[in-house]
Amino acid sequence: MQPFLKVEKLVKGYERKNVAGTREKLFALDGVSFAVAQGTTLAVVGESGSGKTTLGFCISCLEIPTSGNIWFEGRDIVALAEAERRQVRPRIQLIFQDPSNSLNPRWSVQEILLEPLTLQGNLEREETQQRAATLMAQVGLSSDMFQRLPAQLSGGQRQRLAIARALALEPKLLILDEVLSALDCSVQAQIANLLMELQRTLGMTYLFITHDLAMAAHLADEMVVMNRGRVVEQGPAQKVLRHPTEEITKQLLAAVPSLDSAALPPLES
Amino acid sequence: MPFFFRRLSHAFFLLVGVSVLAFLFTTLAPGNYFDEMRLNPQIAPETVAALRAQYQLDRPLPVRYASWLNSLLHGQMGFSFAYNSPVAPLLFLRARNTLLLTITATLIAWGIALPLGVWSAERFGRLPDRLLSWATAALLVIPDLALALGLLVFAVRTDRFPSGGMTSLDFESLPAVGKLRDLALHMTLPVAALVLSALPLLIRHVRAAVAEVLNAPFMLAARGHGIPRRTLLYRYALRAAANPLISLFGFSIGALLSGSLLVEVVMSWPGLGPLLLESILSRDLYVVIGGVLFSTLFLVSGNFVADILLYWADPRIRTESGAR
Amino acid sequence: MRTHHPFAKWLIILGALHAIVVCAGFFAPYDPIEQDRKNPYLPPMQLHLMDAQGHLHLRPFAYALKLREGTFDQYEQDTSQLVPMRFFNSGAGYRLLGFLPSRIHLFGSVGTRICLLGTDGYGRDQFSRLLYGGQISLLAGILGAACTLSIGLCVGAAAGYFGGWKDDALMRVAELFLALPWLYLLFALRAFLPLSVSPLKAFFLIVAVIGAVGWARPARLVRGIVLSAKERDFVRAARGFGASDSYLLRRHILPETSSVLLTQAAILIPQYVLAEMTLSFLGLGVPEPAPSWGNLLSNLQQYSVLVSYWWMYLPALAMVPFFLGYLGLASSLQERREPYKIERRSPESLA
């Protein structure tokens, strides 16, 4: 059976002019391959600069890879023409890390939410209003926020809005690029639960990009560890966490803060 | 020093580009010096045609540009129809006068703006600073034309300063000290006009740049170390503010050059300004191009100097571009 | 956080000043072109409320001027001829806002004219010429600024958005324009266009020339904004929803430039009015008989005028309230945009 999403030897190179004036080539992705089954969550973990975000951008058609294949629902989206890629776009959506950057601060909540629907131009006026209300309800926001500006919402509310916007086009694959990293701890838990709930009710597949191993452990079925544009370790999440083979994985694990009661100083009596 | 050569070649190409641009404009020019001659019934049309051919006005543009470049290499820069002489000697004399004015004004303006700006930044937000801000605003809203003309009216009505020109009629007969004094007297009003028009913006920007540096955490730390105020100001703050200030310097040269054009015309100072105006009105093509190029040369040179100063003053630029 | 808007206050002040100039026909007592060769170079007439006999008049008045004995151009007040000022006077016909015919002026007189700023060499009332001249100078400045900002917006947006060689090429051209001192460039451009044209043609010529000179700085500013806006995630997100380039520019990127453009407008307009004044003063701008603030001053180039008729200088100060208004507007706009930075703007953005 064809996997839902399959990435094969993905390469993405950038040319950069450094300050001395010479060009240098950087490889954000250097031969990445993995597969995702439908309805599951794959966590992509690694440090900053490991290429996770570039991976997300390539899969969501925001960037075009230098070489390699991305098989989605049986088709290679890298090889598609722009017109056909347009058809595929609604089915893969990416949610960004910082909602204060991913939501236009001058637009109202309503305009932000309706943007994907307006752009795809499928629905009638009343239908879009209906859809907007439904989306807000799905993420736990109230419809009387429609006229507010993003600055008037809390961090958690903004990220919920970003999620609602991403759901507008009924995607099948959702790429979550560090969506919890910009939030406070307690809010992180709420949003994480919301995401899990949505996955259950809407049957979506998640690509969860993060550097937070603890969160990945909580949410993911499978895990892929990236370092410098390459996949260094992959497998079922629990297996990778309990029996890491690579050095980088061990380092990431060691970086997870934990509360060891034995290490705490004794209480004064 | 690759930085030096890069900036130099950059400046050079800029000048070439401007000269091409200026030449391109000439193709748009309707009417030329000889049209007026043609209208004069006393001059035979054959003479006009012969003169046109002599001055190569009938050749295509690239040929004209090439022959102008050629004359440039021979130190001539084309030919003036009105003065009936090569353009270069005309320009050099006028350019020297313009430089005299502009450089003096630059030195004086910065000599006032730097200390005032620093003084103001130290007292940021307090009454003396606010008063100075009001004063500079008041000066800023007086248009340059009004300033120059106003000074001229003042000169004429008080009779203390000469109302124009660079030297008095009996200049040649004066002793050396007298000559200097005469020159200075004639320079006073034009330089004053230039300085007054440039001062407000300069003071504002110096104040802003220094104020921002004074509020930086490293300054607070330095003060905490007990470093004396004067050292703090001049060795720490000014150095940190050098970057925007040097850029400001480059910019101020352009502004002063433009300002000098107007001031020279108003006060009859024999610089590039009146020459340019005159040659525009009489359609003396090569003088116009030469004048524009000279002024560009000054501006580009000034900016080049600013770049070098920046390289010398700001270690970040040195490491970024040199030590690779 | 301040809740009142100083920006609005400046807009109101500027609006009032501009309204006076726009309705020059109403505020000016006399026709600006009407000559009176018998009364050249009259000095400004003073208004009085108390006459020579010590009586108080309700209506301000002026004394007619007569030539002083033994001189041919020096005037003094003729206390025997009282000229009262009439308000809402019916005078020379004009068209309010260009189309409403009217004869009512704010103030005026019957018979002998009350010339608040004196007259020029042809006996034309300077005050009226000042008001009408403002129309031309201000309009030239505003239209020129609109021109420059349009060009700068297009070039900057194209350079910033498309990047690559187009960006390099456009910015090189911008550098060329910036390498010339602006007044020299203005003159050079003006030089290569016909010198003696009708006032209307001259006006549009000047607007085009002024507009073409200063586009490089705004273009660089716009380019900077577009470059950073392009990388914002909401632009990426919109692209992910299938947005086209023109949609992104129109709805997300260009709106980011609005505040910079407004600030630039507030800075450029007075500069451009000054540019028009300079050109007209030197005879390269709007020609006679159309009044402009520049050519009102052009006869100050004659020594005799400088010495004897100092009041001809006064129109030079007409710009001052406008400059003040625009300066205040620009400052308050920049405050709004960067309220936490201590006035840190590059010289590029301020001039």
# chains A, B, ... in the order shown; residues from 1 in each chain; ligands from 1

call {"tool": "interface_residues", "arguments": {"of": "chain A", "to": "chain C", "cutoff": "7 Å", "atoms": "only C-alpha atoms", "output": "ChimeraX atom specification"}}
result
/A:62,86,89-90,101-104,116,119

call {"tool": "select_by_dssp", "arguments": {"residues": "region 10-200 of chain A", "states": "helix (DSSP H, G or I)", "output": "PyMOL selection string"}}
result
chain A and resi 52-59+82-91+99-102+109-120+125-139+143-145+150-152+155-167+185-200

call {"tool": "interface_residues", "arguments": {"of": "chain B", "to": "chain C", "cutoff": "6 Å", "atoms": "only C-alpha atoms", "output": "PDB file with C-alpha atoms, in the first residue's frame"}}
result
ATOM      1  CA  ALA B  29      17.309  69.030 -25.680  1.00  0.00           C
ATOM      2  CA  VAL B 141      11.229  76.157   8.469  1.00  0.00           C
ATOM      3  CA  ILE B 142      12.823  79.119   6.784  1.00  0.00           C
ATOM      4  CA  ALA B 146      14.458  83.094   1.971  1.00  0.00           C
ATOM      5  CA  VAL B 153      18.728  92.338   2.024  1.00  0.00           C
ATOM      6  CA  VAL B 156      22.393  95.883   1.397  1.00  0.00           C
ATOM      7  CA  ALA B 208      19.564  61.811  17.766  1.00  0.00           C
ATOM      8  CA  GLY B 254      25.369  66.668  -1.196  1.00  0.00           C
ATOM      9  CA  SER B 258      22.992  71.872  -3.859  1.00  0.00           C
ATOM     10  CA  ILE B 280      21.581  76.520 -19.340  1.00  0.00           C
ATOM     11  CA  THR B 296      28.960  64.985  -9.013  1.00  0.00           C
TER      12      THR B 296
END

call {"tool": "closest_residue", "arguments": {"among": "B:Ala66, B:Leu183, B:Leu24, B:Leu73", "to": "Asn97 (chain B)", "atoms": "only C-alpha atoms"}}
result
B:Leu183

call {"tool": "atom_distance", "arguments": {"atom1": "CA of Glu127 (chain A)", "atom2": "CA of Trp107 (chain A)"}}
result
20.6 Å

call {"tool": "closest_residue", "arguments": {"among": "B:Leu248, B:Leu214, B:Val20, B:Leu276", "to": "Arg123 (chain B)", "atoms": "only C-alpha atoms"}}
result
B:Leu214

call {"tool": "closest_residue", "arguments": {"among": "B:Val266, B:Gly290, B:Pro2, B:Pro175", "to": "chain A", "atoms": "only C-alpha atoms"}}
result
B:Pro2

call {"tool": "closest_residue", "arguments": {"among": "A:Ile64, A:Leu94, A:Ala28, A:Val139", "to": "Thr201 (chain A)", "atoms": "only C-alpha atoms"}}
result
A:Val139

call {"tool": "closest_residue", "arguments": {"among": "C:Ser137, C:Met45, C:Ser90, C:Ala158", "to": "His18 (chain C)", "atoms": "only C-alpha atoms"}}
result
C:Ser137

call {"tool": "atom_distance", "arguments": {"atom1": "CA of Gln130 (chain A)", "atom2": "CA of Gly39 (chain A)"}}
result
26.8 Å

call {"tool": "residues_around", "arguments": {"residues": "region 26-33 of chain C", "least_positions_apart": "2", "cutoff": "8 Å", "atoms": "only C-alpha atoms", "output": "list of chain:residue names"}}
result
C:Ile20, C:Cys23, C:Ala24, C:Gln35, C:Gly91, C:Ala92, C:Leu96, C:Ile104, C:His105, C:Leu106, C:Phe107, C:Gly108, C:Arg124, C:Asp125, C:Gln126, C:Phe127, C:Ser128, C:Arg129, C:Leu131, C:Tyr132, C:Pro289, C:Ala290, C:Pro291

call {"tool": "atom_distance", "arguments": {"atom1": "CA of Arg16 (chain A)", "atom2": "CA of Asn303 (chain B)"}}
result
28.1 Å

call {"tool": "residues_around", "arguments": {"residues": "region 227-235 of chain B", "least_positions_apart": "5", "cutoff": "10 Å", "atoms": "only C-alpha atoms", "output": "PyMOL selection string"}}
result
chain B and resi 118-119+122+210+213-214+219+221-222+240

call {"tool": "decode", "arguments": {"residues": "region 216-258 of chain A", "atoms": "N, CA and C atoms", "output": "CSV table (one decimal), in the first residue's frame"}}
result
chain,number,residue,atom,x,y,z
A,216,ALA,N,7.2,16.1,21.6
A,216,ALA,CA,7.2,15.0,20.5
A,216,ALA,C,6.8,13.7,21.1
A,217,ALA,N,7.3,13.4,22.3
A,217,ALA,CA,7.0,12.1,22.9
A,217,ALA,C,5.5,12.0,23.2
A,218,HIS,N,5.0,13.1,23.6
A,218,HIS,CA,3.6,13.2,24.0
A,218,HIS,C,2.7,13.0,22.8
A,219,LEU,N,3.0,13.6,21.6
A,219,LEU,CA,2.1,13.7,20.5
A,219,LEU,C,2.4,12.6,19.4
A,220,ALA,N,3.6,12.2,19.3
A,220,ALA,CA,3.9,11.5,18.0
A,220,ALA,C,3.8,10.0,18.0
A,221,ASP,N,3.5,9.4,16.9
A,221,ASP,CA,3.6,8.0,16.7
A,221,ASP,C,4.9,7.6,16.2
A,222,GLU,N,5.4,8.3,15.2
A,222,GLU,CA,6.7,8.0,14.6
A,222,GLU,C,7.6,9.2,14.8
A,223,MET,N,8.9,9.0,14.7
A,223,MET,CA,9.8,10.1,14.9
A,223,MET,C,10.9,10.0,13.9
A,224,VAL,N,11.4,11.2,13.5
A,224,VAL,CA,12.5,11.3,12.6
A,224,VAL,C,13.4,12.3,13.2
A,225,VAL,N,14.7,12.0,13.3
A,225,VAL,CA,15.7,13.0,13.9
A,225,VAL,C,16.5,13.5,12.8
A,226,MET,N,16.6,14.8,12.7
A,226,MET,CA,17.4,15.4,11.7
A,226,MET,C,18.6,16.2,12.2
A,227,ASN,N,19.7,16.1,11.5
A,227,ASN,CA,20.9,16.9,11.8
A,227,ASN,C,21.6,17.4,10.6
A,228,ARG,N,21.7,18.7,10.4
A,228,ARG,CA,22.4,19.2,9.3
A,228,ARG,C,21.9,18.8,7.9
A,229,GLY,N,20.5,18.8,7.9
A,229,GLY,CA,19.9,18.5,6.6
A,229,GLY,C,19.8,17.0,6.3
A,230,ARG,N,20.1,16.1,7.2
A,230,ARG,CA,20.0,14.7,7.0
A,230,ARG,C,19.2,14.0,8.0
A,231,VAL,N,18.6,12.9,7.7
A,231,VAL,CA,17.9,12.1,8.7
A,231,VAL,C,18.9,11.2,9.3
A,232,VAL,N,19.1,11.3,10.6
A,232,VAL,CA,20.1,10.5,11.2
A,232,VAL,C,19.5,9.3,12.0
A,233,GLU,N,18.2,9.4,12.3
A,233,GLU,CA,17.6,8.3,13.0
A,233,GLU,C,16.1,8.4,12.8
A,234,GLN,N,15.4,7.3,12.6
A,234,GLN,CA,14.0,7.3,12.5
A,234,GLN,C,13.4,6.0,13.0
A,235,GLY,N,12.1,6.1,13.3
A,235,GLY,CA,11.4,4.9,13.8
A,235,GLY,C,10.3,5.2,14.7
A,236,PRO,N,9.6,4.2,15.3
A,236,PRO,CA,8.5,4.6,16.2
A,236,PRO,C,9.0,5.4,17.3
A,237,ALA,N,8.2,6.4,17.7
A,237,ALA,CA,8.6,7.4,18.7
A,237,ALA,C,9.2,6.8,20.0
A,238,GLN,N,8.5,5.9,20.5
A,238,GLN,CA,8.9,5.4,21.8
A,238,GLN,C,10.2,4.7,21.7
A,239,LYS,N,10.4,4.0,20.6
A,239,LYS,CA,11.7,3.3,20.4
A,239,LYS,C,12.8,4.2,20.3
A,240,VAL,N,12.7,5.3,19.5
A,240,VAL,CA,13.7,6.3,19.3
A,240,VAL,C,14.1,6.9,20.7
A,241,LEU,N,13.0,7.2,21.5
A,241,LEU,CA,13.3,7.9,22.7
A,241,LEU,C,14.0,7.0,23.8
A,242,ARG,N,13.5,5.7,23.8
A,242,ARG,CA,14.1,4.9,24.9
A,242,ARG,C,15.5,4.3,24.5
A,243,HIS,N,15.6,4.1,23.1
A,243,HIS,CA,16.9,3.5,22.7
A,243,HIS,C,17.5,4.3,21.6
A,244,PRO,N,17.9,5.5,21.9
A,244,PRO,CA,18.5,6.3,20.8
A,244,PRO,C,19.8,5.7,20.4
A,245,THR,N,20.1,5.7,19.1
A,245,THR,CA,21.4,5.2,18.6
A,245,THR,C,22.4,6.3,18.3
A,246,GLU,N,21.9,7.4,17.9
A,246,GLU,CA,22.8,8.5,17.4
A,246,GLU,C,23.2,9.4,18.6
A,247,GLU,N,24.3,10.0,18.4
A,247,GLU,CA,24.8,10.9,19.4
A,247,GLU,C,23.9,12.1,19.6
A,248,ILE,N,23.4,12.6,18.4
A,248,ILE,CA,22.6,13.9,18.4
A,248,ILE,C,21.3,13.6,19.2
A,249,THR,N,20.8,12.4,19.0
A,249,THR,CA,19.5,12.1,19.6
A,249,THR,C,19.7,12.1,21.2
A,250,LYS,N,20.8,11.5,21.5
A,250,LYS,CA,21.1,11.4,23.0
A,250,LYS,C,21.3,12.8,23.5
A,251,GLN,N,21.9,13.7,22.8
A,251,GLN,CA,22.1,15.1,23.2
A,251,GLN,C,20.8,15.8,23.4
A,252,LEU,N,19.9,15.6,22.4
A,252,LEU,CA,18.6,16.2,22.5
A,252,LEU,C,17.8,15.7,23.7
A,253,LEU,N,17.9,14.4,23.9
A,253,LEU,CA,17.3,13.8,25.1
A,253,LEU,C,17.8,14.4,26.4
A,254,ALA,N,19.1,14.5,26.4
A,254,ALA,CA,19.7,15.0,27.7
A,254,ALA,C,19.3,16.4,27.9
A,255,ALA,N,18.9,17.2,26.9
A,255,ALA,CA,18.6,18.6,27.1
A,255,ALA,C,17.2,18.7,27.6
A,256,VAL,N,16.4,17.7,27.7
A,256,VAL,CA,15.0,17.8,28.2
A,256,VAL,C,15.1,18.0,29.7
A,257,PRO,N,14.5,19.1,30.2
A,257,PRO,CA,14.5,19.3,31.7
A,257,PRO,C,13.6,18.4,32.4
A,258,SER,N,14.0,17.8,33.5
A,258,SER,CA,13.1,17.0,34.2
A,258,SER,C,13.3,17.3,35.7
